[in-house]
Amino acid sequence: MTTSHFNLPDVGEGLTEAEIVSWRVAPGDTVAINDVLVEIETAKSLVELPSPFEGVVEGLLVAEGDTVDVGTPIISVSSSGSGAVAPAPVPGFETPITAASMPASAPASVPAAPAPTAHHVAPAAVSSPAVVEAEQVRADAAASVSKESDSSSGAVLVGYGIKGHVASRRPSRAGGAAAAGAKPATASAAPVSGGQPQASATRAPRMPVLTGLPIIAKPPIRKLAKDLDVNLGEVQPTGPIGDITRADVVRHAEQAKVFHNIETPQWADTREEIIPVKGVRKQIAKAMTHSAFSAPHVSLFVDVDATRTMEFVKRLKTSTDFTGVKVSPLLIMARAMIWAVRRNPMVNSAWGDKEITVRNYVNLGIAAATPRGLIVPNVKDAQDMSLLELATALEQLTLTAREGRTSPADQANGTITITNIGVFGMDTGTPILNPGEVAIVALGTIKQKPWVVDGEVRPRFVTTVGASFDHRVVDGDVASRFLADVASIIEEPALLLD
């Protein structure tokens with residue numbers, strides 16, 4: 001038996017420490033390679049660490065809530081080379097099938113569930129609703145596997161069948177009722193040696209489903225559904241294995257209500273609350289202090305008639321090309337900034353003590369407010385994207401940030417940033433530069449106001465666009481031309497066709 005220690009790795013650029021947020025395993029659990037061991041919080045994001053070893057967990061060397069340096073041993077795993085039981089596969093990830101994964105007493109032609117042991121399923125699988133549902137899918141599928149799976153087909157894992165049955169673990173909704181009723185009791189009621197009940201007998205109850213089919217959704221998707229108050233049983237899945245995706249949840253929800261303060265909480269029982277300064281909050285404080293007191297900020301503002309932008313957004317929402325993609329004025333603002341950067345490249349540069357680097361590409365940052373604090377992920381090489389590609393990238397970036405799953409790489413190497421304060425009903429502000437950049441633009445709320453058009457006062461959709469610049473790099477005339485270019489696109493999106 002050998003014991004391996006897993007040291008905290010550097011999951012970002014120059015990471016020096018991280019906080020242990022939650023362990024997904026416990027001493028005595030059996031783990032396989034790539035099973036999630038622990039969730040950590042770095043200075044930029046939450047990260048799940050997969051296991052580089054397989055074996056049995058000997059001990060957790062660091063407690064939850066502790067902050068440890070990179071390279072510190074955090075868990076020990078022993079490997080005996082035999083007798084280890086492979087953990088249940090997570091939906092969407094296939095586990096290699098070997099003869100060792102089959103119970104010795106099971107006939108080759110009839111798939112049988114392995115007897116539950118203390119190490120049969122890792123705690124992550126027990127506590128994860130997605131894995132519980134996947135276990136149910138496998139158990140149901142095992143009962144309906146035909147006797148054609150004879151010994152010549154090789155050993156098969158419970159619920160997977162032979163290769164011809166792996167294409168989908170979830171029947172289509174059209175024939176779901178018949179598949180769901182295919183003798184489920186046969187697989188779950190059979191006793192195992194030692195008189196212990198099947199693992200399926202102790203499964204947690206499932207959420208209600210429209211067609212009686214089990215719900216396949218990963219933990220981040222379930223959390224998003226809970227945050228958006230979405231019943232997963234009412235969501236139509238579009239994933240490759242019949243699973244529910246983030247896009248499915250967002251389309252089902254009225255996403256505009258996410259930012260509305262529906263309830264006012266009661267006063268806390270304690271008179272004061274102490275919040276440790278660490279993780280993302282510590283990084284925000286450090287970065288903003290450095291930016292505010294090292295770069296001389298100058299801010300400009302302009303009121304813009306955004307009526308044609310709102311009309312353009314409305315047309316895009318009804319376009320078949322943009323079906324299923326979130327379209328908002330932020331998309332037009334992003335494209336406007338890319339166009340304006342090409343005309344005024346100095347706003348897309350970086351200050352150095354001895355030189356200024358002008359970047360001829362746009363990694364467009366979007367300031368995102370998350371429960372863990374403000375982060376700024378960016379869309380890489382946004383200048384090469386079509387309008388549809390940019391819309392898809394912005395939607396993916398926003399959803400990932402809201403779930404707290406933005407990786408450090410997604411936040412690195414930004415060149416210019418948008419902060420969309422309009423979603424909170426704010427008209428404008430004076431944003432602080434993201435470190436390493438020399439310009440940031442704030443998009444205010446868009447609402448109807450009286451506006452003079454051709455000498456007449458008319459109701460128009462009006463917004464205020466504000467921007468801050470590093471005056472060491474961007475002079476007043478460059479800043480003014482850049483902001484005027486952005487405003488011209490908001491006023492007339494047809495200019496993007498040039």
# chains A, B, ... in the order shown; residues from 1 in each chain; ligands from 1
call {"tool": "select_by_dssp", "arguments": {"residues": "range 254-363 of chain A", "states": "helix (DSSP H, G or I)", "output": "ChimeraX atom specification"}}
result
/A:255-259,279-294,307-318,320-322,329-343,345-348
call {"tool": "write_last_selection", "arguments": {"atoms": "C-alpha atoms", "output": "compact mmCIF listing (two decimals), in the first residue's frame"}}
result
# COMPACT_ATOMS: atom_id res chain seq x y z
CA GLN A 255 -34.15 36.76 -16.09
CA ALA A 256 -34.97 40.43 -15.69
CA LYS A 257 -36.31 39.70 -12.22
CA VAL A 258 -32.91 38.51 -10.99
CA PHE A 259 -31.85 42.03 -10.10
CA GLY A 279 -10.42 35.86 -1.25
CA VAL A 280 -12.11 37.97 -3.89
CA ARG A 281 -12.86 40.87 -1.52
CA LYS A 282 -9.18 41.11 -0.55
CA GLN A 283 -8.16 41.12 -4.20
CA ILE A 284 -10.77 43.77 -5.09
CA ALA A 285 -9.54 46.08 -2.33
CA LYS A 286 -5.93 45.67 -3.37
CA ALA A 287 -6.59 46.21 -7.07
CA MET A 288 -8.91 49.19 -6.68
CA THR A 289 -6.61 50.95 -4.21
CA HIS A 290 -3.65 50.49 -6.52
CA SER A 291 -5.63 51.71 -9.53
CA ALA A 292 -7.15 54.75 -7.81
CA PHE A 293 -3.86 56.00 -6.37
CA SER A 294 -1.47 55.13 -9.21
CA THR A 307 -34.11 54.72 -29.39
CA ARG A 308 -32.68 53.09 -32.52
CA THR A 309 -30.59 50.75 -30.37
CA MET A 310 -33.73 49.60 -28.57
CA GLU A 311 -35.46 49.06 -31.93
CA PHE A 312 -32.45 47.11 -33.19
CA VAL A 313 -32.41 44.93 -30.07
CA LYS A 314 -36.12 44.22 -30.55
CA ARG A 315 -35.50 43.10 -34.15
CA LEU A 316 -32.62 40.85 -33.10
CA LYS A 317 -34.79 39.16 -30.47
CA THR A 318 -37.29 38.16 -33.16
CA THR A 320 -34.30 33.27 -36.13
CA ASP A 321 -30.50 33.60 -36.07
CA PHE A 322 -30.64 34.73 -32.43
CA PRO A 329 -28.42 46.77 -25.23
CA LEU A 330 -25.16 45.55 -23.66
CA LEU A 331 -24.49 43.64 -26.88
CA ILE A 332 -24.73 46.80 -28.96
CA MET A 333 -22.60 48.65 -26.42
CA ALA A 334 -19.93 45.97 -26.65
CA ARG A 335 -19.86 46.15 -30.43
CA ALA A 336 -19.78 49.95 -30.26
CA MET A 337 -16.73 49.86 -28.00
CA ILE A 338 -14.89 47.45 -30.30
CA TRP A 339 -15.58 49.75 -33.26
CA ALA A 340 -14.51 52.83 -31.31
CA VAL A 341 -11.30 51.12 -30.12
CA ARG A 342 -10.31 50.44 -33.73
CA ARG A 343 -10.68 54.17 -34.44
CA PRO A 345 -6.38 52.51 -30.36
CA MET A 346 -4.73 54.43 -27.49
CA VAL A 347 -7.71 53.66 -25.22
CA ASN A 348 -6.84 49.98 -25.61
call {"tool": "atom_distance", "arguments": {"atom1": "CA of Gly425 in chain A", "atom2": "CA of Ser319 in chain A"}}
result
27.5 Å
call {"tool": "closest_residue", "arguments": {"among": "A:Asn231, A:Ser76, A:Gln236, A:Gln411", "to": "Val379 in chain A", "atoms": "only C-alpha atoms"}}
result
A:Gln411
call {"tool": "select_by_dssp", "arguments": {"residues": "range 223-391 of chain A", "states": "strand (DSSP E)", "output": "VMD selection string"}}
result
chain A and resid 297 to 305 349 to 351 356 to 358 364 to 370 373 to 375 378 to 379
call {"tool": "write_last_selection", "arguments": {"atoms": "N, CA and C atoms", "output": "JSON list (two decimals), in the first residue's frame"}}
result
[["chain", "number", "residue", "atom", "x", "y", "z"],
["A", 297, "HIS", "N", -7.07, 59.45, -12.85],
["A", 297, "HIS", "CA", -8.34, 59.23, -13.54],
["A", 297, "HIS", "C", -8.91, 60.56, -14.05],
["A", 298, "VAL", "N", -9.50, 60.50, -15.21],
["A", 298, "VAL", "CA", -10.31, 61.60, -15.73],
["A", 298, "VAL", "C", -11.58, 60.99, -16.30],
["A", 299, "SER", "N", -12.74, 61.62, -16.05],
["A", 299, "SER", "CA", -14.02, 61.05, -16.45],
["A", 299, "SER", "C", -14.77, 61.99, -17.37],
["A", 300, "LEU", "N", -15.50, 61.39, -18.32],
["A", 300, "LEU", "CA", -16.33, 62.13, -19.27],
["A", 300, "LEU", "C", -17.72, 61.49, -19.31],
["A", 301, "PHE", "N", -18.74, 62.26, -19.67],
["A", 301, "PHE", "CA", -20.11, 61.76, -19.72],
["A", 301, "PHE", "C", -20.81, 62.35, -20.95],
["A", 302, "VAL", "N", -21.75, 61.57, -21.51],
["A", 302, "VAL", "CA", -22.53, 62.07, -22.64],
["A", 302, "VAL", "C", -23.91, 61.42, -22.60],
["A", 303, "ASP", "N", -24.96, 62.23, -22.83],
["A", 303, "ASP", "CA", -26.32, 61.71, -22.94],
["A", 303, "ASP", "C", -26.56, 61.28, -24.38],
["A", 304, "VAL", "N", -27.21, 60.14, -24.54],
["A", 304, "VAL", "CA", -27.36, 59.54, -25.87],
["A", 304, "VAL", "C", -28.81, 59.14, -26.09],
["A", 305, "ASP", "N", -29.32, 59.41, -27.30],
["A", 305, "ASP", "CA", -30.63, 58.93, -27.72],
["A", 305, "ASP", "C", -30.46, 57.48, -28.20],
["A", 349, "SER", "N", -4.66, 50.50, -24.69],
["A", 349, "SER", "CA", -3.24, 50.29, -24.44],
["A", 349, "SER", "C", -2.99, 50.02, -22.96],
["A", 350, "ALA", "N", -1.72, 49.84, -22.62],
["A", 350, "ALA", "CA", -1.32, 49.58, -21.24],
["A", 350, "ALA", "C", -0.12, 50.47, -20.90],
["A", 351, "TRP", "N", -0.13, 51.03, -19.69],
["A", 351, "TRP", "CA", 0.95, 51.91, -19.24],
["A", 351, "TRP", "C", 2.08, 51.11, -18.63],
["A", 356, "ILE", "N", 4.62, 52.46, -23.47],
["A", 356, "ILE", "CA", 3.18, 52.24, -23.57],
["A", 356, "ILE", "C", 2.95, 51.16, -24.61],
["A", 357, "THR", "N", 2.21, 50.13, -24.24],
["A", 357, "THR", "CA", 1.92, 49.03, -25.15],
["A", 357, "THR", "C", 0.53, 49.20, -25.74],
["A", 358, "VAL", "N", 0.45, 49.39, -27.04],
["A", 358, "VAL", "CA", -0.84, 49.52, -27.74],
["A", 358, "VAL", "C", -1.23, 48.14, -28.24],
["A", 364, "LEU", "N", -12.43, 42.03, -24.22],
["A", 364, "LEU", "CA", -13.43, 42.93, -23.68],
["A", 364, "LEU", "C", -13.91, 42.45, -22.31],
["A", 365, "GLY", "N", -13.61, 43.20, -21.27],
["A", 365, "GLY", "CA", -14.03, 42.85, -19.92],
["A", 365, "GLY", "C", -15.44, 43.32, -19.61],
["A", 366, "ILE", "N", -16.17, 42.52, -18.86],
["A", 366, "ILE", "CA", -17.52, 42.87, -18.42],
["A", 366, "ILE", "C", -17.54, 42.77, -16.90],
["A", 367, "ALA", "N", -17.67, 43.91, -16.23],
["A", 367, "ALA", "CA", -17.72, 43.90, -14.76],
["A", 367, "ALA", "C", -19.00, 43.20, -14.32],
["A", 368, "ALA", "N", -18.83, 42.17, -13.49],
["A", 368, "ALA", "CA", -19.97, 41.35, -13.07],
["A", 368, "ALA", "C", -20.08, 41.35, -11.56],
["A", 369, "ALA", "N", -21.26, 41.71, -11.05],
["A", 369, "ALA", "CA", -21.52, 41.66, -9.61],
["A", 369, "ALA", "C", -21.99, 40.27, -9.25],
["A", 370, "THR", "N", -21.26, 39.60, -8.37],
["A", 370, "THR", "CA", -21.60, 38.25, -7.94],
["A", 370, "THR", "C", -21.74, 38.23, -6.43],
["A", 373, "GLY", "N", -18.54, 39.03, -4.80],
["A", 373, "GLY", "CA", -17.89, 40.30, -5.04],
["A", 373, "GLY", "C", -17.80, 40.60, -6.53],
["A", 374, "LEU", "N", -17.18, 41.73, -6.86],
["A", 374, "LEU", "CA", -17.05, 42.17, -8.24],
["A", 374, "LEU", "C", -15.90, 41.45, -8.93],
["A", 375, "ILE", "N", -16.18, 40.85, -10.08],
["A", 375, "ILE", "CA", -15.13, 40.27, -10.90],
["A", 375, "ILE", "C", -15.26, 40.80, -12.31],
["A", 378, "ASN", "N", -13.37, 38.48, -19.15],
["A", 378, "ASN", "CA", -13.33, 39.16, -20.44],
["A", 378, "ASN", "C", -13.50, 38.18, -21.59],
["A", 379, "VAL", "N", -14.06, 38.69, -22.68],
["A", 379, "VAL", "CA", -14.24, 37.94, -23.91],
["A", 379, "VAL", "C", -12.97, 38.08, -24.73]]
call {"tool": "atom_distance", "arguments": {"atom1": "CA of Ser407 in chain A", "atom2": "CA of Glu19 in chain A"}}
result
15.3 Å
call {"tool": "atom_distance", "arguments": {"atom1": "CA of Val465 in chain A", "atom2": "CA of Val376 in chain A"}}
result
19.0 Å
call {"tool": "residues_around", "arguments": {"residues": "range 1-17 of chain A", "least_positions_apart": "6", "cutoff": "6 Å", "atoms": "only C-alpha atoms", "output": "number ranges by chain"}}
result
A: 68-80, 408
call {"tool": "write_last_selection", "arguments": {"atoms": "N, CA and C atoms", "output": "mmCIF file, in the first residue's frame"}}
result
data_model
loop_
_atom_site.group_PDB
_atom_site.id
_atom_site.type_symbol
_atom_site.label_atom_id
_atom_site.label_comp_id
_atom_site.auth_asym_id
_atom_site.auth_seq_id
_atom_site.Cartn_x
_atom_site.Cartn_y
_atom_site.Cartn_z
ATOM 1 N N VAL A 68 -4.420 28.282 2.963
ATOM 2 C CA VAL A 68 -3.117 27.622 2.921
ATOM 3 C C VAL A 68 -2.334 28.089 1.707
ATOM 4 N N ASP A 69 -1.008 27.958 1.788
ATOM 5 C CA ASP A 69 -0.125 28.359 0.695
ATOM 6 C C ASP A 69 -0.081 27.281 -0.381
ATOM 7 N N VAL A 70 0.228 27.723 -1.600
ATOM 8 C CA VAL A 70 0.408 26.780 -2.701
ATOM 9 C C VAL A 70 1.549 25.825 -2.362
ATOM 10 N N GLY A 71 1.347 24.539 -2.633
ATOM 11 C CA GLY A 71 2.352 23.537 -2.331
ATOM 12 C C GLY A 71 2.124 22.826 -1.020
ATOM 13 N N THR A 72 1.157 23.288 -0.216
ATOM 14 C CA THR A 72 0.859 22.657 1.063
ATOM 15 C C THR A 72 0.064 21.366 0.846
ATOM 16 N N PRO A 73 0.469 20.234 1.456
ATOM 17 C CA PRO A 73 -0.325 19.006 1.335
ATOM 18 C C PRO A 73 -1.707 19.212 1.970
ATOM 19 N N ILE A 74 -2.772 18.844 1.239
ATOM 20 C CA ILE A 74 -4.124 19.068 1.754
ATOM 21 C C ILE A 74 -4.901 17.772 1.949
ATOM 22 N N ILE A 75 -4.476 16.675 1.310
ATOM 23 C CA ILE A 75 -5.191 15.412 1.443
ATOM 24 C C ILE A 75 -4.236 14.269 1.158
ATOM 25 N N SER A 76 -4.446 13.134 1.831
ATOM 26 C CA SER A 76 -3.638 11.936 1.573
ATOM 27 C C SER A 76 -4.549 10.824 1.089
ATOM 28 N N VAL A 77 -4.083 10.098 0.063
ATOM 29 C CA VAL A 77 -4.838 9.014 -0.558
ATOM 30 C C VAL A 77 -3.952 7.785 -0.617
ATOM 31 N N SER A 78 -4.466 6.651 -0.123
ATOM 32 C CA SER A 78 -3.712 5.401 -0.167
ATOM 33 C C SER A 78 -4.212 4.539 -1.306
ATOM 34 N N SER A 79 -3.302 3.825 -1.917
ATOM 35 C CA SER A 79 -3.638 2.959 -3.038
ATOM 36 C C SER A 79 -3.014 1.605 -2.802
ATOM 37 N N SER A 80 -3.863 0.538 -2.764
ATOM 38 C CA SER A 80 -3.369 -0.809 -2.546
ATOM 39 C C SER A 80 -3.188 -1.577 -3.829
ATOM 40 N N PRO A 408 -9.650 31.823 -13.266
ATOM 41 C CA PRO A 408 -8.670 32.916 -13.296
ATOM 42 C C PRO A 408 -8.246 33.283 -14.709
#
call {"tool": "residues_around", "arguments": {"residues": "Glu48 in chain A", "least_positions_apart": "6", "cutoff": "12 Å", "atoms": "only C-alpha atoms", "output": "list in words"}}
result
Leu8, Pro9, Val11, Ala18, Glu19, Ile20, Val21, Ser22, Trp23, Arg24, Asn34, Asp35, Val36, Leu37, Val38, Glu39, Ile40, Glu41, Thr42, Ala124, Pro220, Gly404, Arg405, Thr406 and Ser407 of chain A
call {"tool": "write_last_selection", "arguments": {"atoms": "C-alpha atoms", "output": "tab-separated table (two decimals), in the first residue's frame"}}
result
chain	number	residue	atom	x	y	z
A	8	LEU	CA	-2.43	22.61	-3.30
A	9	PRO	CA	-1.62	23.55	-6.93
A	11	VAL	CA	-4.67	27.09	-10.46
A	18	ALA	CA	-6.25	29.71	-1.46
A	19	GLU	CA	-9.04	29.03	1.02
A	20	ILE	CA	-10.52	25.56	1.49
A	21	VAL	CA	-14.24	26.19	0.95
A	22	SER	CA	-15.70	22.68	1.16
A	23	TRP	CA	-14.47	19.11	1.04
A	24	ARG	CA	-16.31	16.79	-1.33
A	34	ASN	CA	-10.60	13.22	-11.82
A	35	ASP	CA	-13.15	12.86	-9.01
A	36	VAL	CA	-13.68	16.27	-7.39
A	37	LEU	CA	-11.91	16.34	-4.03
A	38	VAL	CA	-12.35	19.88	-2.79
A	39	GLU	CA	-13.62	23.33	-3.71
A	40	ILE	CA	-11.20	26.19	-3.10
A	41	GLU	CA	-11.53	29.96	-3.34
A	42	THR	CA	-8.65	31.85	-4.88
A	124	ALA	CA	-19.88	14.22	-3.54
A	220	PRO	CA	-24.19	24.37	-10.78
A	404	GLY	CA	-19.17	31.84	-9.27
A	405	ARG	CA	-17.39	29.53	-11.69
A	406	THR	CA	-15.30	32.04	-13.62
A	407	SER	CA	-11.75	30.73	-13.92
call {"tool": "residues_around", "arguments": {"residues": "Ile446 in chain A", "least_positions_apart": "3", "cutoff": "7 Å", "atoms": "only C-alpha atoms", "output": "mmCIF file with C-alpha atoms, in the first residue's frame"}}
result
data_model
loop_
_atom_site.group_PDB
_atom_site.id
_atom_site.type_symbol
_atom_site.label_atom_id
_atom_site.label_comp_id
_atom_site.auth_asym_id
_atom_site.auth_seq_id
_atom_site.Cartn_x
_atom_site.Cartn_y
_atom_site.Cartn_z
ATOM 1 C CA GLY A 422 -27.955 50.416 -15.942
ATOM 2 C CA PHE A 461 -35.167 56.170 -25.008
ATOM 3 C CA VAL A 462 -32.219 57.998 -23.477
ATOM 4 C CA THR A 463 -29.135 56.797 -21.639
#
call {"tool": "closest_residue", "arguments": {"among": "A:Ala401, A:Leu228, A:Ala494, A:Ala439", "to": "Ser480 in chain A", "atoms": "only C-alpha atoms"}}
result
A:Ala439
